[in-house]
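One structure below.
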Amino acid sequence: MLRERLKLVIEKNPPLREFEDDLFNLISSIDSEDTLIIVIAGSAAEGKYVLGMSDIDILVVKKGGKPISKITSIKNINVEITSLRLEDAVEALKSKNYFISHALDKGLYVKGEENKKIIFNLV
């Protein structure tokens, strides 16, 4: 399922095609049993990714754990991963955090799109 959803991101961003396997491996490493949502945000979600200029933004919402923000890379592409607990994501929506709101509303869901309504209903 992750692979099929990731293909939608690749279709919108042909320059990422050569990094598809690496991106899949990264997303697979993020995924776990307590992962509710994995969403690609920013320029990659909008189909505006520019090789050499853009990064890839990933928002992860989990049932528990500590909030984490980290930057890693796939070859020469920076990947910014923000991981939040469900409660933190809801609070970010309530406080109108632009990145979280925009990612959850307009992002490309790799996992958990069915949880989108649940989160917005908690706000």
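Letters A, B, ... mark the chains of the structure tokens in the order given; residue numbers begin at 1 per chain; ligand numbers begin at 1, in order shown.
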Enumerate the residues of stretch 23-103 of chain A with a DSSP assignment of strand (DSSP E or B), computed from the backbone, and present them as a PDB file with C-alpha atoms, in the first residue's frame.
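Result file follows (out.pdb):
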ATOM      1  CA  THR A  35       1.709   5.254  12.908  1.00  0.00           C
ATOM      2  CA  LEU A  36      -1.649   6.806  12.054  1.00  0.00           C
ATOM      3  CA  ILE A  37      -0.625   9.085   9.186  1.00  0.00           C
ATOM      4  CA  ILE A  38       2.313   9.616   6.854  1.00  0.00           C
ATOM      5  CA  VAL A  39       1.829  12.562   4.536  1.00  0.00           C
ATOM      6  CA  ILE A  40       4.114  14.217   1.987  1.00  0.00           C
ATOM      7  CA  ALA A  41       3.749  17.988   2.200  1.00  0.00           C
ATOM      8  CA  ILE A  56      10.845  16.779   0.795  1.00  0.00           C
ATOM      9  CA  ASP A  57       8.645  17.425   3.819  1.00  0.00           C
ATOM     10  CA  ILE A  58       7.106  14.460   5.610  1.00  0.00           C
ATOM     11  CA  LEU A  59       4.609  14.705   8.446  1.00  0.00           C
ATOM     12  CA  VAL A  60       4.070  11.627  10.608  1.00  0.00           C
ATOM     13  CA  VAL A  61       1.276  11.362  13.173  1.00  0.00           C
ATOM     14  CA  LYS A  62       1.549   8.556  15.715  1.00  0.00           C
ATOM     15  CA  ILE A  68      10.585  14.615  16.678  1.00  0.00           C
ATOM     16  CA  SER A  69      11.828  16.908  13.947  1.00  0.00           C
ATOM     17  CA  LYS A  70      14.841  15.779  11.972  1.00  0.00           C
ATOM     18  CA  ILE A  71      16.529  16.341   8.666  1.00  0.00           C
ATOM     19  CA  THR A  72      18.010  13.457   6.764  1.00  0.00           C
ATOM     20  CA  SER A  73      18.911  13.013   3.130  1.00  0.00           C
ATOM     21  CA  ILE A  74      18.372  10.745   0.194  1.00  0.00           C
ATOM     22  CA  ILE A  77      17.880  15.635  -1.401  1.00  0.00           C
ATOM     23  CA  ASN A  78      17.134  16.964   2.068  1.00  0.00           C
ATOM     24  CA  VAL A  79      14.178  15.278   3.729  1.00  0.00           C
ATOM     25  CA  GLU A  80      12.595  16.995   6.701  1.00  0.00           C
ATOM     26  CA  ILE A  81      10.589  14.660   8.915  1.00  0.00           C
ATOM     27  CA  THR A  82       8.226  15.976  11.563  1.00  0.00           C
ATOM     28  CA  SER A  83       6.711  13.320  13.809  1.00  0.00           C
ATOM     29  CA  LEU A  84       3.952  14.212  16.268  1.00  0.00           C
ATOM     30  CA  ARG A  85       1.661  12.403  18.649  1.00  0.00           C
TER      31      ARG A  85
END
Which polymer residues have any atom within 9 Å of an atom of A:Ala89, counting only C-alpha atoms, with same-chain residues fewer than 3 positions away left out, as a PyMOL selection string?
-> chain A and resi 61+84-86+92-94+100-101+119
Convert the current residue selection to file output with C-alpha atoms, as a JSON list (two decimals), in the first residue's frame.
[["chain", "number", "residue", "atom", "x", "y", "z"],
["A", 61, "VAL", "CA", 1.28, 11.36, 13.17],
["A", 84, "LEU", "CA", 3.95, 14.21, 16.27],
["A", 85, "ARG", "CA", 1.66, 12.40, 18.65],
["A", 86, "LEU", "CA", -2.02, 12.61, 17.74],
["A", 92, "ALA", "CA", -1.16, 22.32, 16.25],
["A", 93, "LEU", "CA", -4.39, 22.45, 14.23],
["A", 94, "LYS", "CA", -6.16, 24.32, 17.03],
["A", 100, "ILE", "CA", 0.62, 21.04, 10.12],
["A", 101, "SER", "CA", -2.69, 22.45, 8.84],
["A", 119, "ILE", "CA", -8.11, 14.45, 13.30]]
Within 9 Å of stretch 15-26 of chain A, counting only C-alpha atoms, which residues show up once you throw out same-chain ones fewer than 4 positions away? Write them as a ChimeraX atom specification, please.
-> /A:2-3,6-7,9-11,30-31,44,49-51,74-75
Go through chain A and collect every residue that DSSP, computed from the backbone, puts in helix (DSSP H, G or I); the answer should be as a PDB file with N, CA and C atoms, in the first residue's frame.
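Written output follows (selection_4.pdb):
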ATOM      1  N   LEU A   2       1.927   1.270   0.814  1.00  0.00           N
ATOM      2  CA  LEU A   2       2.814   2.436   0.832  1.00  0.00           C
ATOM      3  C   LEU A   2       3.382   2.711  -0.554  1.00  0.00           C
ATOM      4  N   ARG A   3       3.783   1.649  -1.232  1.00  0.00           N
ATOM      5  CA  ARG A   3       4.398   1.791  -2.564  1.00  0.00           C
ATOM      6  C   ARG A   3       3.411   2.421  -3.549  1.00  0.00           C
ATOM      7  N   GLU A   4       2.155   1.963  -3.535  1.00  0.00           N
ATOM      8  CA  GLU A   4       1.162   2.508  -4.471  1.00  0.00           C
ATOM      9  C   GLU A   4       0.894   3.982  -4.196  1.00  0.00           C
ATOM     10  N   ARG A   5       0.791   4.329  -2.913  1.00  0.00           N
ATOM     11  CA  ARG A   5       0.537   5.721  -2.557  1.00  0.00           C
ATOM     12  C   ARG A   5       1.743   6.603  -2.900  1.00  0.00           C
ATOM     13  N   LEU A   6       2.942   6.064  -2.717  1.00  0.00           N
ATOM     14  CA  LEU A   6       4.152   6.816  -3.054  1.00  0.00           C
ATOM     15  C   LEU A   6       4.213   7.081  -4.558  1.00  0.00           C
ATOM     16  N   LYS A   7       3.721   6.164  -5.347  1.00  0.00           N
ATOM     17  CA  LYS A   7       3.718   6.359  -6.803  1.00  0.00           C
ATOM     18  C   LYS A   7       2.938   7.605  -7.211  1.00  0.00           C
ATOM     19  N   LEU A   8       1.900   7.970  -6.453  1.00  0.00           N
ATOM     20  CA  LEU A   8       1.156   9.192  -6.736  1.00  0.00           C
ATOM     21  C   LEU A   8       2.039  10.428  -6.559  1.00  0.00           C
ATOM     22  N   VAL A   9       2.893  10.398  -5.544  1.00  0.00           N
ATOM     23  CA  VAL A   9       3.840  11.498  -5.328  1.00  0.00           C
ATOM     24  C   VAL A   9       4.815  11.566  -6.503  1.00  0.00           C
ATOM     25  N   ILE A  10       5.304  10.411  -6.915  1.00  0.00           N
ATOM     26  CA  ILE A  10       6.265  10.351  -8.026  1.00  0.00           C
ATOM     27  C   ILE A  10       5.624  10.841  -9.326  1.00  0.00           C
ATOM     28  N   GLU A  11       4.378  10.443  -9.574  1.00  0.00           N
ATOM     29  CA  GLU A  11       3.673  10.877 -10.790  1.00  0.00           C
ATOM     30  C   GLU A  11       3.555  12.398 -10.844  1.00  0.00           C
ATOM     31  N   LYS A  12       3.339  13.024  -9.699  1.00  0.00           N
ATOM     32  CA  LYS A  12       3.226  14.488  -9.662  1.00  0.00           C
ATOM     33  C   LYS A  12       4.583  15.178  -9.749  1.00  0.00           C
ATOM     34  N   PRO A  14       7.987  14.098 -11.488  1.00  0.00           N
ATOM     35  CA  PRO A  14       8.872  13.213 -12.255  1.00  0.00           C
ATOM     36  C   PRO A  14      10.353  13.266 -11.857  1.00  0.00           C
ATOM     37  N   PRO A  15      10.902  14.418 -11.408  1.00  0.00           N
ATOM     38  CA  PRO A  15      12.312  14.410 -11.011  1.00  0.00           C
ATOM     39  C   PRO A  15      12.622  13.453  -9.849  1.00  0.00           C
ATOM     40  N   LEU A  16      11.596  13.076  -9.084  1.00  0.00           N
ATOM     41  CA  LEU A  16      11.813  12.162  -7.950  1.00  0.00           C
ATOM     42  C   LEU A  16      11.827  10.688  -8.368  1.00  0.00           C
ATOM     43  N   ARG A  17      11.508  10.405  -9.609  1.00  0.00           N
ATOM     44  CA  ARG A  17      11.412   9.017 -10.064  1.00  0.00           C
ATOM     45  C   ARG A  17      12.683   8.225  -9.769  1.00  0.00           C
ATOM     46  N   GLU A  18      13.835   8.828 -10.003  1.00  0.00           N
ATOM     47  CA  GLU A  18      15.093   8.105  -9.780  1.00  0.00           C
ATOM     48  C   GLU A  18      15.372   7.835  -8.296  1.00  0.00           C
ATOM     49  N   PHE A  19      14.615   8.486  -7.401  1.00  0.00           N
ATOM     50  CA  PHE A  19      14.797   8.303  -5.960  1.00  0.00           C
ATOM     51  C   PHE A  19      13.665   7.499  -5.319  1.00  0.00           C
ATOM     52  N   GLU A  20      12.790   6.932  -6.142  1.00  0.00           N
ATOM     53  CA  GLU A  20      11.597   6.254  -5.631  1.00  0.00           C
ATOM     54  C   GLU A  20      11.927   5.150  -4.628  1.00  0.00           C
ATOM     55  N   ASP A  21      12.877   4.284  -4.949  1.00  0.00           N
ATOM     56  CA  ASP A  21      13.222   3.188  -4.040  1.00  0.00           C
ATOM     57  C   ASP A  21      13.780   3.703  -2.719  1.00  0.00           C
ATOM     58  N   ASP A  22      14.642   4.719  -2.794  1.00  0.00           N
ATOM     59  CA  ASP A  22      15.214   5.299  -1.573  1.00  0.00           C
ATOM     60  C   ASP A  22      14.134   5.957  -0.724  1.00  0.00           C
ATOM     61  N   LEU A  23      13.225   6.658  -1.370  1.00  0.00           N
ATOM     62  CA  LEU A  23      12.134   7.305  -0.648  1.00  0.00           C
ATOM     63  C   LEU A  23      11.207   6.254  -0.027  1.00  0.00           C
ATOM     64  N   PHE A  24      10.943   5.189  -0.762  1.00  0.00           N
ATOM     65  CA  PHE A  24      10.121   4.099  -0.218  1.00  0.00           C
ATOM     66  C   PHE A  24      10.792   3.483   1.011  1.00  0.00           C
ATOM     67  N   ASN A  25      12.092   3.247   0.933  1.00  0.00           N
ATOM     68  CA  ASN A  25      12.813   2.669   2.074  1.00  0.00           C
ATOM     69  C   ASN A  25      12.770   3.593   3.291  1.00  0.00           C
ATOM     70  N   LEU A  26      12.911   4.890   3.063  1.00  0.00           N
ATOM     71  CA  LEU A  26      12.843   5.846   4.160  1.00  0.00           C
ATOM     72  C   LEU A  26      11.450   5.842   4.797  1.00  0.00           C
ATOM     73  N   ILE A  27      10.428   5.908   3.978  1.00  0.00           N
ATOM     74  CA  ILE A  27       9.055   5.926   4.495  1.00  0.00           C
ATOM     75  C   ILE A  27       8.747   4.617   5.215  1.00  0.00           C
ATOM     76  N   SER A  28       9.209   3.509   4.682  1.00  0.00           N
ATOM     77  CA  SER A  28       8.999   2.217   5.342  1.00  0.00           C
ATOM     78  C   SER A  28       9.668   2.182   6.708  1.00  0.00           C
ATOM     79  N   SER A  29      10.825   2.826   6.820  1.00  0.00           N
ATOM     80  CA  SER A  29      11.532   2.843   8.106  1.00  0.00           C
ATOM     81  C   SER A  29      10.822   3.722   9.137  1.00  0.00           C
ATOM     82  N   ILE A  30      10.046   4.684   8.675  1.00  0.00           N
ATOM     83  CA  ILE A  30       9.286   5.576   9.551  1.00  0.00           C
ATOM     84  C   ILE A  30       8.024   4.876  10.049  1.00  0.00           C
ATOM     85  N   SER A  43       6.213  21.350  -1.527  1.00  0.00           N
ATOM     86  CA  SER A  43       6.294  21.377  -2.991  1.00  0.00           C
ATOM     87  C   SER A  43       6.082  20.000  -3.613  1.00  0.00           C
ATOM     88  N   ALA A  44       6.523  18.944  -2.961  1.00  0.00           N
ATOM     89  CA  ALA A  44       6.326  17.594  -3.511  1.00  0.00           C
ATOM     90  C   ALA A  44       4.840  17.228  -3.541  1.00  0.00           C
ATOM     91  N   ALA A  45       4.074  17.671  -2.558  1.00  0.00           N
ATOM     92  CA  ALA A  45       2.631  17.405  -2.543  1.00  0.00           C
ATOM     93  C   ALA A  45       1.905  18.216  -3.606  1.00  0.00           C
ATOM     94  N   GLU A  46       2.462  19.368  -3.924  1.00  0.00           N
ATOM     95  CA  GLU A  46       1.833  20.264  -4.892  1.00  0.00           C
ATOM     96  C   GLU A  46       2.270  19.994  -6.321  1.00  0.00           C
ATOM     97  N   LEU A  86      -0.694  12.159  18.154  1.00  0.00           N
ATOM     98  CA  LEU A  86      -2.017  12.606  17.738  1.00  0.00           C
ATOM     99  C   LEU A  86      -2.433  13.859  18.493  1.00  0.00           C
ATOM    100  N   GLU A  87      -2.224  13.872  19.816  1.00  0.00           N
ATOM    101  CA  GLU A  87      -2.616  15.021  20.636  1.00  0.00           C
ATOM    102  C   GLU A  87      -1.892  16.298  20.198  1.00  0.00           C
ATOM    103  N   ASP A  88      -0.608  16.155  19.837  1.00  0.00           N
ATOM    104  CA  ASP A  88       0.169  17.314  19.402  1.00  0.00           C
ATOM    105  C   ASP A  88      -0.320  17.826  18.049  1.00  0.00           C
ATOM    106  N   ALA A  89      -0.689  16.912  17.167  1.00  0.00           N
ATOM    107  CA  ALA A  89      -1.214  17.315  15.860  1.00  0.00           C
ATOM    108  C   ALA A  89      -2.522  18.077  16.023  1.00  0.00           C
ATOM    109  N   VAL A  90      -3.384  17.597  16.910  1.00  0.00           N
ATOM    110  CA  VAL A  90      -4.654  18.279  17.166  1.00  0.00           C
ATOM    111  C   VAL A  90      -4.394  19.670  17.742  1.00  0.00           C
ATOM    112  N   GLU A  91      -3.481  19.777  18.688  1.00  0.00           N
ATOM    113  CA  GLU A  91      -3.145  21.084  19.267  1.00  0.00           C
ATOM    114  C   GLU A  91      -2.570  22.026  18.210  1.00  0.00           C
ATOM    115  N   ALA A  92      -1.737  21.494  17.328  1.00  0.00           N
ATOM    116  CA  ALA A  92      -1.164  22.319  16.251  1.00  0.00           C
ATOM    117  C   ALA A  92      -2.268  22.831  15.330  1.00  0.00           C
ATOM    118  N   LEU A  93      -3.257  21.999  15.050  1.00  0.00           N
ATOM    119  CA  LEU A  93      -4.390  22.447  14.234  1.00  0.00           C
ATOM    120  C   LEU A  93      -5.194  23.525  14.959  1.00  0.00           C
ATOM    121  N   LYS A  94      -5.413  23.330  16.243  1.00  0.00           N
ATOM    122  CA  LYS A  94      -6.161  24.323  17.026  1.00  0.00           C
ATOM    123  C   LYS A  94      -5.450  25.667  17.054  1.00  0.00           C
ATOM    124  N   TYR A  98       0.633  26.598  10.493  1.00  0.00           N
ATOM    125  CA  TYR A  98       0.486  26.540   9.033  1.00  0.00           C
ATOM    126  C   TYR A  98       0.979  25.216   8.457  1.00  0.00           C
ATOM    127  N   PHE A  99       2.180  24.801   8.823  1.00  0.00           N
ATOM    128  CA  PHE A  99       2.734  23.581   8.236  1.00  0.00           C
ATOM    129  C   PHE A  99       1.834  22.378   8.501  1.00  0.00           C
ATOM    130  N   ILE A 100       1.434  22.198   9.756  1.00  0.00           N
ATOM    131  CA  ILE A 100       0.617  21.042  10.123  1.00  0.00           C
ATOM    132  C   ILE A 100      -0.740  21.116   9.428  1.00  0.00           C
ATOM    133  N   SER A 101      -1.379  22.277   9.481  1.00  0.00           N
ATOM    134  CA  SER A 101      -2.695  22.449   8.843  1.00  0.00           C
ATOM    135  C   SER A 101      -2.624  22.179   7.351  1.00  0.00           C
ATOM    136  N   HIS A 102      -1.650  22.775   6.712  1.00  0.00           N
ATOM    137  CA  HIS A 102      -1.519  22.633   5.265  1.00  0.00           C
ATOM    138  C   HIS A 102      -1.157  21.196   4.894  1.00  0.00           C
ATOM    139  N   ALA A 103      -0.260  20.589   5.639  1.00  0.00           N
ATOM    140  CA  ALA A 103       0.140  19.210   5.353  1.00  0.00           C
ATOM    141  C   ALA A 103      -1.053  18.265   5.467  1.00  0.00           C
ATOM    142  N   LEU A 104      -1.806  18.388   6.548  1.00  0.00           N
ATOM    143  CA  LEU A 104      -2.943  17.486   6.761  1.00  0.00           C
ATOM    144  C   LEU A 104      -4.088  17.757   5.793  1.00  0.00           C
ATOM    145  N   ASP A 105      -4.239  19.013   5.388  1.00  0.00           N
ATOM    146  CA  ASP A 105      -5.335  19.364   4.488  1.00  0.00           C
ATOM    147  C   ASP A 105      -4.995  19.128   3.021  1.00  0.00           C
ATOM    148  N   LYS A 106      -3.793  19.511   2.596  1.00  0.00           N
ATOM    149  CA  LYS A 106      -3.433  19.494   1.173  1.00  0.00           C
ATOM    150  C   LYS A 106      -2.369  18.464   0.799  1.00  0.00           C
ATOM    151  N   GLU A 113      -4.960   8.080   5.171  1.00  0.00           N
ATOM    152  CA  GLU A 113      -5.869   9.136   4.721  1.00  0.00           C
ATOM    153  C   GLU A 113      -7.243   9.008   5.394  1.00  0.00           C
ATOM    154  N   GLU A 114      -7.602   7.781   5.746  1.00  0.00           N
ATOM    155  CA  GLU A 114      -8.875   7.567   6.439  1.00  0.00           C
ATOM    156  C   GLU A 114      -8.897   8.215   7.824  1.00  0.00           C
ATOM    157  N   ASN A 115      -7.737   8.564   8.360  1.00  0.00           N
ATOM    158  CA  ASN A 115      -7.649   9.216   9.673  1.00  0.00           C
ATOM    159  C   ASN A 115      -7.732  10.742   9.590  1.00  0.00           C
ATOM    160  N   LYS A 116      -7.734  11.271   8.383  1.00  0.00           N
ATOM    161  CA  LYS A 116      -7.784  12.725   8.189  1.00  0.00           C
ATOM    162  C   LYS A 116      -9.036  13.323   8.832  1.00  0.00           C
ATOM    163  N   LYS A 117     -10.193  12.757   8.546  1.00  0.00           N
ATOM    164  CA  LYS A 117     -11.442  13.282   9.112  1.00  0.00           C
ATOM    165  C   LYS A 117     -11.441  13.188  10.634  1.00  0.00           C
ATOM    166  N   ILE A 118     -10.906  12.110  11.152  1.00  0.00           N
ATOM    167  CA  ILE A 118     -10.867  11.921  12.606  1.00  0.00           C
ATOM    168  C   ILE A 118     -10.103  13.048  13.268  1.00  0.00           C
ATOM    169  N   ILE A 119      -8.931  13.382  12.716  1.00  0.00           N
ATOM    170  CA  ILE A 119      -8.110  14.452  13.303  1.00  0.00           C
ATOM    171  C   ILE A 119      -8.836  15.795  13.224  1.00  0.00           C
ATOM    172  N   PHE A 120      -9.391  16.111  12.052  1.00  0.00           N
ATOM    173  CA  PHE A 120     -10.074  17.401  11.915  1.00  0.00           C
ATOM    174  C   PHE A 120     -11.332  17.474  12.791  1.00  0.00           C
ATOM    175  N   ASN A 121     -11.968  16.337  13.040  1.00  0.00           N
ATOM    176  CA  ASN A 121     -13.138  16.331  13.923  1.00  0.00           C
ATOM    177  C   ASN A 121     -12.764  16.538  15.389  1.00  0.00           C
ATOM    178  N   LEU A 122     -11.512  16.287  15.743  1.00  0.00           N
ATOM    179  CA  LEU A 122     -11.062  16.479  17.131  1.00  0.00           C
ATOM    180  C   LEU A 122     -10.738  17.931  17.450  1.00  0.00           C
TER     181      LEU A 122
END
Computed gap from atom CA of A:Lys66 to atom CA of A:Ser54 is 27.1 Å
